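Colleague: Please read through the structure below; I'll follow up with questions.
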Amino acid sequence: MKKFKKAMALSLALAMGLSLVACGDKEKETTTEATTTEATTTEAAATDDATADDASASNAEVALPMPAEDSDPIYVYSWNTELGDRLQYVKDKYPQYADLIQYENLGLGGTSDEYKSAIENAIANGGDKVPSIVACDDDVALYFLNSESIVPVEDLGITADMYSNAYQYTVDYATIDGKLKGMCWQATPGCFIYRTDIAEEVLGTSDPAKVQEYVKDWDTFLDTAETMKQAGYKMLSGPSDAKKPIIDQRTSAWVENDTVNIDPVITEYIEFAKKLYDGEYTNNNAQWSDGWNTDFTADVFGYFGCTWFTYWSINDEEGSDTYGKRNMCQGPVTYHWGGTYLGVTDQCPNKELAALVLYTLCCDTDTMYKLSDETLDFVNNKAAVAKLIADGKGESPVLGGANPLQTWADNAEKINLQYATEYDSTFNGYLDNASEAYNSGELKTVDDAVEAIKQSIRDGYQNLTVE
């Protein structure tokens, strides 16, 4: 078994804690052939014609080998409780396999070197609890998926047709050398989440379509930031809040042919963050800091957030002055933030069961509809999302009763991750450090900031060429 590539630098510790996101070589002779007919049911009657057409690919009878009820258990490894909770939907649908699906919560940061090492060691050591399915946070998923230890999902019998309702960016991201190696149950399109009371006071409207005109591009965003400043408000909590939307627009990868590449969006972000800093348009709080969290109920107009962020990061308490006084629009650009990919290891002793878990959680429209309705996860299934919208599901108390599903669905279609690399999380951390030093004046020019990034890469990655 080929080991994962050795990590050369620490991942961002703060990002790891807040991330919300194959099998053996031999099939058992006792495995019986069946279909997952019970896994999917026709929903066309409940939706309009277009939705019914989209749903048909997911809800057709899909032939998968079904595990014997006395087959080997599988162990699903992750870093927190989220995936374990989601696995309950698989167990509820197939109670005969509930005891065979075991969850191992490592209690580590999902992007940390400790998590990577724990997974690698568990695979290398084998034994009764060898990982069969590994949860991979979006920031480091390519670290895992690039390994030969993770098998293509086609080896499990999962075809492109079965996964055809997934948003394309999630397919592109997890496709390695033409082979899909990871699947996810959630999609995580970004948006701009703003205070409706501040919008009414300063802009004269809180309607999402009209607020969008005030943040439609980065120049307009800065103009609105000045307007907010004159009214006594901050546009964002900190300059780094703009990082994820900007760097998701890259048109080239951090690393090309083992050579470090500085995409134009890197300098664009450094310059934009400096404008926010010098213009006093933020409170200069670092993301996830105490001040950043306090700003939700303070003088900040908006945050760049996403699906999970809306429900699990905004800390408005019911009954507070800001509860229900938010809405969202696209913002200057479309982007993504986070997500969890599932990869199946070559050590898995029960190929059929691992395939059933991935199919049910990541392809089955009915299961994903139920999961979204009950947990508020924005699922990676266009047919399920269309049905949720058609059924009037998704109204958010956090957003004052507004329904974000259509905006998220529209944004998810526009995301492009074809330039993602396994280095992104660490190198983006170097970008954070350089940007903060440039904002404070420790670094005098943008070129100095870029050179600081390059030096950090030289220090941590001797295998890469830095020009």
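Each chain of the structure tokens is named A, B, ... in the order shown, its residues numbered from 1; ligands are numbered from 1 in display order.
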Neighbours of region 196-209 of chain A within 6 Å (only C-alpha atoms; same-chain residues fewer than 6 positions away dropped), as a PyMOL selection string?
Modeller: chain A and resi 325-326+329
Colleague: List the spatial neighbours of Tyr89 (chain A) as a ChimeraX atom specification - criterion: any atom at most 8 Å away, only C-alpha atoms, same-chain residues fewer than 2 positions off excluded.
Modeller: /A:85-87,91-93,361,367,371
Colleague: Could you give me, as a list in words, the residues within 6 Å of region 270-280 of chain A, counting only C-alpha atoms and dropping anything in the same chain fewer than 3 positions from it?
Modeller: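 Everything that qualifies: Pro239, Thr267, Ser435 and Asn439 of chain A.
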Colleague: Next, dump the selected residues to file, keeping only N, CA and C atoms, as a compact mmCIF listing (two decimals), in the first residue's frame.
Modeller:
# COMPACT_ATOMS: atom_id res chain seq x y z
N PRO A 239 -10.72 42.28 7.45
CA PRO A 239 -10.33 42.21 6.04
C PRO A 239 -10.29 40.79 5.49
N THR A 267 -2.62 38.52 -5.45
CA THR A 267 -2.32 39.94 -5.25
C THR A 267 -3.59 40.76 -5.20
N SER A 435 -0.83 38.84 4.29
CA SER A 435 -1.80 39.93 4.17
C SER A 435 -1.89 40.73 5.46
N ASN A 439 -1.05 44.64 5.89
CA ASN A 439 -2.04 45.59 6.42
C ASN A 439 -1.45 46.43 7.56
Colleague: Quick check, in Å to one decimal: how far apart do CA of Lys210 (chain A) and CA of Glu226 (chain A) lie?
Modeller: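 Atom-to-atom, CA of Lys210 (chain A) to CA of Glu226 (chain A), that is 17.8 Å.
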Colleague: Would you list the contacts of Leu464 (chain A) as an MDAnalysis selection string, taking every protein, DNA or RNA residue within 9 Å and counting only C-alpha atoms, but skipping same-chain residues closer than 5 positions in sequence?
Modeller: chainID A and resid 255 257:260 457:458
Colleague: To one decimal place in Å, what is the distance between CA of Gln88 (chain A) and CA of Glu413 (chain A)?
Modeller: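 We find that CA of Gln88 (chain A) and CA of Glu413 (chain A) lie 28.4 Å from each other.
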Colleague: Considering only C-alpha atoms, give me a table of residues in region 309-364 of chain A that are at most 9 Å from region 62-82 of chain A, with the closest atom pair and distance in Å for each, as CSV.
Modeller:
residue,atom,partner,partner_atom,distance
A:Cys348,CA,A:Ile74,CA,6.9
A:Pro349,CA,A:Asp72,CA,6.5
A:Asn350,CA,A:Asp72,CA,5.8
A:Lys351,CA,A:Pro67,CA,8.3
A:Glu352,CA,A:Pro67,CA,5.3
A:Leu353,CA,A:Pro67,CA,5.6
A:Ala354,CA,A:Ile74,CA,7.2
A:Ala355,CA,A:Leu64,CA,8.0
A:Leu356,CA,A:Met66,CA,7.4
Colleague: Produce a file of the selected residues containing N, CA and C atoms, as a PDB file, in the first residue's frame.
Modeller:
ATOM      1  N   CYS A 348     -10.825  -1.792   2.950  1.00  0.00           N
ATOM      2  CA  CYS A 348     -12.194  -2.077   3.395  1.00  0.00           C
ATOM      3  C   CYS A 348     -12.547  -3.547   3.183  1.00  0.00           C
ATOM      4  N   PRO A 349     -13.072  -4.230   4.208  1.00  0.00           N
ATOM      5  CA  PRO A 349     -13.391  -5.652   4.085  1.00  0.00           C
ATOM      6  C   PRO A 349     -14.780  -5.930   3.521  1.00  0.00           C
ATOM      7  N   ASN A 350     -15.584  -4.875   3.308  1.00  0.00           N
ATOM      8  CA  ASN A 350     -16.968  -5.096   2.877  1.00  0.00           C
ATOM      9  C   ASN A 350     -17.316  -4.056   1.808  1.00  0.00           C
ATOM     10  N   LYS A 351     -16.920  -4.366   0.604  1.00  0.00           N
ATOM     11  CA  LYS A 351     -17.085  -3.450  -0.522  1.00  0.00           C
ATOM     12  C   LYS A 351     -18.545  -3.083  -0.751  1.00  0.00           C
ATOM     13  N   GLU A 352     -19.433  -4.053  -0.652  1.00  0.00           N
ATOM     14  CA  GLU A 352     -20.836  -3.818  -0.940  1.00  0.00           C
ATOM     15  C   GLU A 352     -21.462  -2.852   0.055  1.00  0.00           C
ATOM     16  N   LEU A 353     -21.123  -2.992   1.329  1.00  0.00           N
ATOM     17  CA  LEU A 353     -21.725  -2.135   2.346  1.00  0.00           C
ATOM     18  C   LEU A 353     -21.208  -0.703   2.222  1.00  0.00           C
ATOM     19  N   ALA A 354     -19.937  -0.548   1.950  1.00  0.00           N
ATOM     20  CA  ALA A 354     -19.388   0.795   1.759  1.00  0.00           C
ATOM     21  C   ALA A 354     -20.073   1.492   0.587  1.00  0.00           C
ATOM     22  N   ALA A 355     -20.302   0.759  -0.492  1.00  0.00           N
ATOM     23  CA  ALA A 355     -20.982   1.324  -1.660  1.00  0.00           C
ATOM     24  C   ALA A 355     -22.397   1.739  -1.307  1.00  0.00           C
ATOM     25  N   LEU A 356     -23.092   0.920  -0.536  1.00  0.00           N
ATOM     26  CA  LEU A 356     -24.462   1.243  -0.150  1.00  0.00           C
ATOM     27  C   LEU A 356     -24.508   2.499   0.709  1.00  0.00           C
TER      28      LEU A 356
END
